[in-house]
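Just my_file36.csv here, CSV, C-alpha atoms:
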```
chain,number,residue,atom,x,y,z
A,181,MET,CA,112.8,143.1,-59.0
A,182,ILE,CA,112.2,141.7,-55.6
A,183,TRP,CA,110.2,138.8,-57.1
A,184,LEU,CA,113.5,137.4,-58.4
A,185,LEU,CA,114.8,137.1,-54.9
A,186,ASN,CA,111.6,135.6,-53.8
A,187,ILE,CA,111.6,132.9,-56.5
A,188,ALA,CA,115.3,132.1,-55.8
A,189,LEU,CA,114.4,131.8,-52.1
A,190,LEU,CA,111.4,129.5,-52.8
A,191,ILE,CA,113.5,127.3,-55.1
A,192,LEU,CA,116.2,127.1,-52.4
A,193,LEU,CA,113.5,126.3,-49.9
A,194,VAL,CA,112.3,123.2,-51.9
A,195,ALA,CA,115.9,122.2,-52.5
A,196,THR,CA,116.8,122.3,-48.8
A,197,ALA,CA,113.6,120.4,-47.9
A,198,ILE,CA,114.4,117.6,-50.4
A,199,ALA,CA,118.1,117.6,-49.3
A,200,ALA,CA,117.0,117.2,-45.6
A,201,VAL,CA,114.8,114.3,-46.4
A,202,PHE,CA,117.4,112.4,-48.5
A,203,SER,CA,120.4,113.1,-46.3
A,204,ARG,CA,121.9,110.0,-44.7
A,205,ASP,CA,123.9,112.0,-42.1
A,206,LEU,CA,121.3,113.0,-39.5
A,207,LEU,CA,123.4,115.9,-38.2
A,208,ALA,CA,123.7,117.3,-41.7
A,209,ALA,CA,119.9,116.9,-42.1
A,210,VAL,CA,119.3,118.9,-38.9
A,211,ILE,CA,121.6,121.7,-40.1
A,212,ILE,CA,119.9,121.7,-43.5
A,213,LEU,CA,116.5,122.0,-41.7
A,214,SER,CA,117.9,124.9,-39.8
A,215,VAL,CA,118.8,126.6,-43.1
A,216,TYR,CA,115.2,125.8,-44.2
A,217,SER,CA,113.9,127.6,-41.2
A,218,PHE,CA,116.0,130.7,-41.8
A,219,ILE,CA,114.9,130.9,-45.5
A,220,MET,CA,111.3,130.5,-44.2
A,221,ALA,CA,111.9,133.4,-41.8
A,222,ILE,CA,113.2,135.6,-44.6
A,223,LEU,CA,110.1,134.7,-46.7
A,224,TYR,CA,107.8,135.5,-43.8
A,225,THR,CA,109.5,138.9,-43.4
A,226,GLN,CA,109.1,139.4,-47.2
A,227,LEU,CA,105.4,138.8,-46.8
A,228,ASN,CA,105.1,141.6,-44.2
A,229,ALA,CA,104.8,139.3,-41.2
A,230,PRO,CA,108.0,140.2,-39.2
A,231,ASP,CA,106.5,138.8,-36.0
A,232,VAL,CA,106.1,135.3,-37.5
A,233,GLY,CA,109.5,135.6,-39.1
A,234,LEU,CA,111.1,136.4,-35.7
A,235,THR,CA,109.3,133.4,-34.2
A,236,GLU,CA,110.4,131.2,-37.0
A,237,ALA,CA,114.0,132.3,-36.7
A,238,ALA,CA,114.0,131.8,-32.9
A,239,VAL,CA,112.0,128.6,-32.6
A,240,GLY,CA,112.5,126.9,-35.9
A,241,ALA,CA,116.2,127.6,-36.3
A,242,GLY,CA,117.2,127.9,-32.7
A,243,ALA,CA,115.2,125.7,-30.3
A,244,THR,CA,114.1,122.9,-32.7
A,245,THR,CA,117.6,122.5,-34.0
A,246,LEU,CA,118.9,122.3,-30.5
A,247,LEU,CA,116.3,119.6,-29.6
A,248,PHE,CA,117.3,117.6,-32.7
A,249,ILE,CA,121.0,117.9,-32.0
A,250,ILE,CA,120.5,116.8,-28.4
A,251,ALA,CA,118.4,113.8,-29.6
A,252,ILE,CA,121.2,112.9,-32.1
A,253,ARG,CA,123.7,113.2,-29.3
A,254,ARG,CA,121.8,110.7,-27.2
A,255,THR,CA,121.1,108.2,-30.1
A,256,SER,CA,123.2,107.8,-33.2
A,257,ARG,CA,124.4,110.1,-36.0
A,258,ARG,CA,124.0,107.8,-39.0
A,259,GLU,CA,120.8,106.6,-40.4
A,260,GLU,CA,120.6,102.8,-40.6
A,261,GLU,CA,119.2,100.9,-43.6
B,58,MET,CA,135.1,113.2,-33.4
B,59,LYS,CA,132.5,111.5,-31.2
B,60,ALA,CA,129.0,112.9,-30.9
B,61,GLU,CA,129.6,113.8,-27.3
B,62,ASP,CA,132.5,116.0,-28.2
B,63,ILE,CA,130.6,118.3,-30.6
B,64,PHE,CA,130.1,120.9,-28.0
B,65,LYS,CA,133.5,120.8,-26.4
B,66,ASP,CA,135.1,122.4,-29.4
B,67,LEU,CA,137.3,125.5,-29.1
B,68,ILE,CA,135.4,127.4,-31.8
B,69,VAL,CA,132.0,126.7,-30.2
B,70,ARG,CA,133.4,127.9,-26.8
B,71,THR,CA,134.9,131.1,-28.2
B,72,VAL,CA,131.8,131.9,-30.3
B,73,ALA,CA,129.5,131.2,-27.3
B,74,ARG,CA,131.6,133.5,-25.0
B,75,LEU,CA,131.3,136.3,-27.6
B,76,MET,CA,127.7,135.8,-28.6
B,77,VAL,CA,125.8,135.1,-25.4
B,78,PRO,CA,125.8,138.7,-23.9
B,79,PHE,CA,124.5,140.0,-27.2
B,80,ILE,CA,121.9,137.3,-27.5
B,81,LEU,CA,120.6,138.1,-24.0
B,82,LEU,CA,120.6,141.9,-24.8
B,83,PHE,CA,118.7,141.3,-28.0
B,84,GLY,CA,116.2,139.2,-26.1
B,85,LEU,CA,115.6,142.0,-23.6
B,86,TYR,CA,115.2,144.4,-26.5
B,87,VAL,CA,112.6,142.2,-28.1
B,88,LEU,CA,110.8,141.8,-24.8
B,89,LEU,CA,110.6,145.5,-23.8
B,90,HIS,CA,109.8,146.7,-27.3
B,91,GLY,CA,107.1,144.1,-27.9
B,92,HIS,CA,104.3,146.6,-27.8
B,93,ALA,CA,105.8,148.9,-30.4
B,94,SER,CA,107.7,146.7,-32.8
B,95,PRO,CA,107.8,143.0,-33.9
B,96,GLY,CA,108.4,140.7,-31.1
B,97,GLY,CA,107.0,140.1,-27.7
B,98,GLY,CA,107.1,137.8,-24.7
B,99,PHE,CA,107.2,134.5,-26.5
B,100,GLN,CA,110.0,135.4,-29.0
B,101,ALA,CA,112.0,137.1,-26.2
B,102,GLY,CA,111.7,134.0,-24.0
B,103,VAL,CA,112.9,131.7,-26.7
B,104,ILE,CA,115.8,134.0,-27.6
B,105,ILE,CA,117.0,134.3,-24.0
B,106,ALA,CA,116.5,130.5,-23.4
B,107,ALA,CA,118.6,129.9,-26.6
B,108,GLY,CA,121.3,132.1,-25.1
B,109,PHE,CA,121.3,130.1,-21.8
B,110,ILE,CA,121.3,126.8,-23.7
B,111,LEU,CA,124.2,127.8,-26.0
B,112,MET,CA,126.2,128.8,-22.9
B,113,SER,CA,125.5,125.6,-21.1
B,114,LEU,CA,126.2,123.5,-24.2
B,115,ALA,CA,129.5,125.2,-24.8
B,116,PHE,CA,130.7,125.1,-21.2
B,117,ASN,CA,128.9,122.8,-18.7
B,118,MET,CA,125.3,121.4,-18.8
B,119,ASP,CA,125.4,120.3,-15.2
B,120,GLU,CA,126.1,123.9,-14.0
B,121,LEU,CA,122.8,125.2,-15.6
B,122,LYS,CA,120.9,122.2,-14.3
B,123,ARG,CA,122.2,122.9,-10.8
B,124,ARG,CA,121.4,126.6,-10.9
B,125,VAL,CA,118.0,126.1,-12.5
B,126,PRO,CA,116.4,123.3,-10.5
B,127,LEU,CA,113.1,121.7,-11.4
B,128,THR,CA,111.0,123.5,-8.9
B,129,PHE,CA,112.3,126.8,-10.0
B,130,ARG,CA,111.4,126.0,-13.6
B,131,LEU,CA,107.9,124.9,-12.6
B,132,ILE,CA,107.5,128.2,-10.6
B,133,THR,CA,108.6,130.3,-13.5
B,134,GLY,CA,106.5,128.3,-15.8
B,135,SER,CA,103.3,129.0,-13.8
B,136,PHE,CA,104.2,132.7,-13.1
B,137,GLY,CA,103.2,134.0,-16.6
B,138,PRO,CA,99.6,132.6,-16.7
B,139,ILE,CA,98.9,133.7,-13.2
B,140,ASN,CA,100.3,137.2,-14.0
B,141,TYR,CA,98.1,137.3,-17.1
B,142,VAL,CA,94.9,136.3,-15.3
B,143,VAL,CA,95.6,138.7,-12.4
B,144,ILE,CA,96.1,141.7,-14.7
B,145,GLY,CA,93.0,140.6,-16.7
B,146,ILE,CA,90.9,140.4,-13.5
B,147,ALA,CA,92.2,143.7,-12.3
B,148,CYS,CA,90.9,145.3,-15.5
B,149,ILE,CA,87.5,143.7,-14.8
B,150,LEU,CA,87.5,145.0,-11.2
B,151,SER,CA,88.3,148.5,-12.4
B,152,GLY,CA,85.1,148.5,-14.5
B,153,GLY,CA,86.3,147.4,-17.9
B,154,TYR,CA,86.4,144.2,-19.9
B,155,PHE,CA,89.0,141.4,-19.5
B,156,LEU,CA,92.4,142.9,-20.5
B,157,GLN,CA,91.0,146.4,-21.2
B,158,TYR,CA,94.1,148.0,-19.9
B,159,GLY,CA,93.1,151.6,-20.1
B,160,VAL,CA,90.6,151.6,-17.2
B,161,VAL,CA,93.1,150.5,-14.5
B,162,PRO,CA,93.6,153.5,-12.2
B,163,LEU,CA,97.4,153.6,-11.9
B,164,PRO,CA,98.5,156.9,-10.2
B,165,SER,CA,99.9,159.7,-12.3
B,166,LEU,CA,99.7,158.0,-15.7
B,167,ALA,CA,97.5,158.7,-18.7
B,168,PRO,CA,95.4,155.7,-20.0
B,169,ALA,CA,97.7,155.1,-23.0
B,170,ASP,CA,100.7,154.9,-20.7
B,171,VAL,CA,98.8,152.5,-18.4
B,172,SER,CA,98.2,150.3,-21.4
B,173,ALA,CA,101.9,150.3,-22.3
B,174,VAL,CA,102.9,149.5,-18.8
B,175,LEU,CA,100.4,146.7,-18.4
B,176,ILE,CA,101.1,145.2,-21.8
B,177,SER,CA,104.8,145.2,-20.9
B,178,ALA,CA,103.9,143.5,-17.6
B,179,VAL,CA,101.9,140.8,-19.4
B,180,GLU,CA,104.7,140.3,-21.9
B,181,ILE,CA,107.4,140.0,-19.2
B,182,GLY,CA,105.3,137.3,-17.5
B,183,ILE,CA,105.0,135.4,-20.8
B,184,GLY,CA,108.7,135.8,-21.4
B,185,ILE,CA,109.6,134.4,-18.0
B,186,THR,CA,107.2,131.5,-18.6
B,187,VAL,CA,108.6,130.6,-22.0
B,188,LEU,CA,112.2,131.0,-20.7
B,189,GLY,CA,111.5,128.5,-17.9
B,190,MET,CA,109.7,126.1,-20.1
B,191,VAL,CA,112.1,126.0,-23.0
B,192,THR,CA,115.1,125.7,-20.7
B,193,GLY,CA,113.3,123.0,-18.8
B,194,MET,CA,112.4,121.1,-22.0
B,195,ILE,CA,116.0,121.1,-23.3
B,196,LEU,CA,117.4,120.2,-19.9
B,197,SER,CA,114.9,117.3,-19.6
B,198,MET,CA,116.1,116.1,-23.0
B,199,THR,CA,119.7,116.0,-21.9
B,200,GLY,CA,118.8,113.6,-19.0
B,201,GLY,CA,119.8,113.7,-15.4
B,202,SER,CA,118.6,113.2,-11.9
B,203,ASP,CA,115.6,115.4,-11.5
B,204,ASP,CA,114.1,115.3,-15.0
B,205,HIS,CA,110.8,113.4,-14.5
B,206,THR,CA,108.6,116.0,-16.2
```
Could you render the structure as structure tokens?
Amino acid sequence: MIWLLNIALLILLVATAIAAVFSRDLLAAVIILSVYSFIMAILYTQLNAPDVGLTEAAVGAGATTLLFIIAIRRTSRREEE
Amino acid sequence: MKAEDIFKDLIVRTVARLMVPFILLFGLYVLLHGHASPGGGFQAGVIIAAGFILMSLAFNMDELKRRVPLTFRLITGSFGPINYVVIGIACILSGGYFLQYGVVPLPSLAPADVSAVLISAVEIGIGITVLGMVTGMILSMTGGSDDHT
């Protein structure tokens, strides 16, 4: 029954990717990308690659999110038309 | 709430004060068990750097910048590759291939234990490098006086 969880995670992955692209609030987009990275880390662990999963959780959800948040802090939070 | 005030929040401060020791401990665990379980120098360096950055975001960015100056970050950044090459060359000089750990004659250790010790040494060097570089990258993004690299 683990494939049900996998399919749910994959659908959630696509949903978060689309939501991050179409979000107007850049801080919200960054947080959604962080959620995307966490789901990706769970999927890597599901695929028997715990090393890659740990890297994805540390770099994708930690360091990259921090870099994006600092960039937003130095520029502006809203996307302009 | 202005964008500059995001990190001056009471919740962020409290969570950071609670979480940072555990993040650093987990980073050390990932570093020292890298040869036996998932993880290793790179992941541990990023996790420990994330702990430092969380602490500095919640409390004071200038404090971290003052305690970790640019020269220190550059020295830590170059320590790992030098450590790696020195251990690799030591394996060659002991009569093996590059990074063939078992042939290094450390006193009173079996070859398997020599491998574990030297792999841990390489991983610790990589961890120190990644820690310095990720911290330096994020400190450079925040701007300041000495951030020209």
Write down, as a PDB file with C-alpha atoms, keeping the file's coordinate frame, each residue of chain B that has any atom within 9 Å of an atom of chain A, counting all atoms listed in the file.
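What ended up in selection15.pdb:
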```
ATOM      1  CA  ALA B  60     129.000 112.900 -30.900  1.00  0.00           C
ATOM      2  CA  GLU B  61     129.600 113.800 -27.300  1.00  0.00           C
ATOM      3  CA  ILE B  63     130.600 118.300 -30.600  1.00  0.00           C
ATOM      4  CA  SER B  94     107.700 146.700 -32.800  1.00  0.00           C
ATOM      5  CA  PRO B  95     107.800 143.000 -33.900  1.00  0.00           C
ATOM      6  CA  GLY B  96     108.400 140.700 -31.100  1.00  0.00           C
ATOM      7  CA  GLY B  97     107.000 140.100 -27.700  1.00  0.00           C
ATOM      8  CA  PHE B  99     107.200 134.500 -26.500  1.00  0.00           C
ATOM      9  CA  GLN B 100     110.000 135.400 -29.000  1.00  0.00           C
ATOM     10  CA  ALA B 101     112.000 137.100 -26.200  1.00  0.00           C
ATOM     11  CA  VAL B 103     112.900 131.700 -26.700  1.00  0.00           C
ATOM     12  CA  ILE B 104     115.800 134.000 -27.600  1.00  0.00           C
ATOM     13  CA  ALA B 106     116.500 130.500 -23.400  1.00  0.00           C
ATOM     14  CA  ALA B 107     118.600 129.900 -26.600  1.00  0.00           C
ATOM     15  CA  ILE B 110     121.300 126.800 -23.700  1.00  0.00           C
ATOM     16  CA  LEU B 111     124.200 127.800 -26.000  1.00  0.00           C
ATOM     17  CA  VAL B 191     112.100 126.000 -23.000  1.00  0.00           C
ATOM     18  CA  MET B 194     112.400 121.100 -22.000  1.00  0.00           C
ATOM     19  CA  ILE B 195     116.000 121.100 -23.300  1.00  0.00           C
ATOM     20  CA  MET B 198     116.100 116.100 -23.000  1.00  0.00           C
ATOM     21  CA  THR B 199     119.700 116.000 -21.900  1.00  0.00           C
TER      22      THR B 199
END
```
Q.
What does the structure give for the distance between CA of Cys148 (chain B) and CA of Pro168 (chain B), in Å to one decimal?
A. 12.2 Å
Q | Counting only C-alpha atoms, the option among B:Ser165, B:Gln157, B:Ser172, B:Thr133 closest to Ile185 (chain B) | A |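 Distance minimum relative to Ile185 (chain B) lands on B:Thr133.
The space between CA of Leu190 (chain A) and CA of Ser217 (chain A) spans 12.0 Å.
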**Q.** For CA of Val179 (chain B) and CA of Leu89 (chain B), the interatomic separation in Å (one decimal)
**A.** 10.8 Å
Q: Find the residues around Thr186 (chain B) up to 9 Å (all atoms listed in the file counted), leave out those fewer than 3 positions away in its own chain, and share them as a list in words.
A: Gly98, Phe99, Gly102, Arg130, Leu131, Ile132, Thr133, Gly134, Ser135, Phe136, Gly137, Pro138, Ile181, Gly182, Ile183, Gly189, Met190 and Val191 of chain B
Q. Do you know which residues are at most 12 Å from Gln226 (chain A) counting all atoms listed in the file, after dropping those on the same chain fewer than 6 positions away, and could you put them as an MDAnalysis selection string?
A. chainID A and resid 182:183 185:187 189:190 219:220 232:233
Q) Any idea what's packed within 10 Å of Ala199 (chain A), counting all atoms listed in the file, ignoring anything in its chain fewer than 4 positions away? Could you give it as a list in words? A) Leu193, Val194, Ala195, Ser203, Arg204, Ala208, Ala209, Ile212 and Leu213 of chain A
Q. Near Pro78 (chain B), within 12 Å and counting all atoms listed in the file, which residues show up once chain neighbours fewer than 5 positions away are dropped, as a VMD selection string?
A. chain B and resid 72 to 73 83 to 85 104 to 105 107 to 109 111 to 112
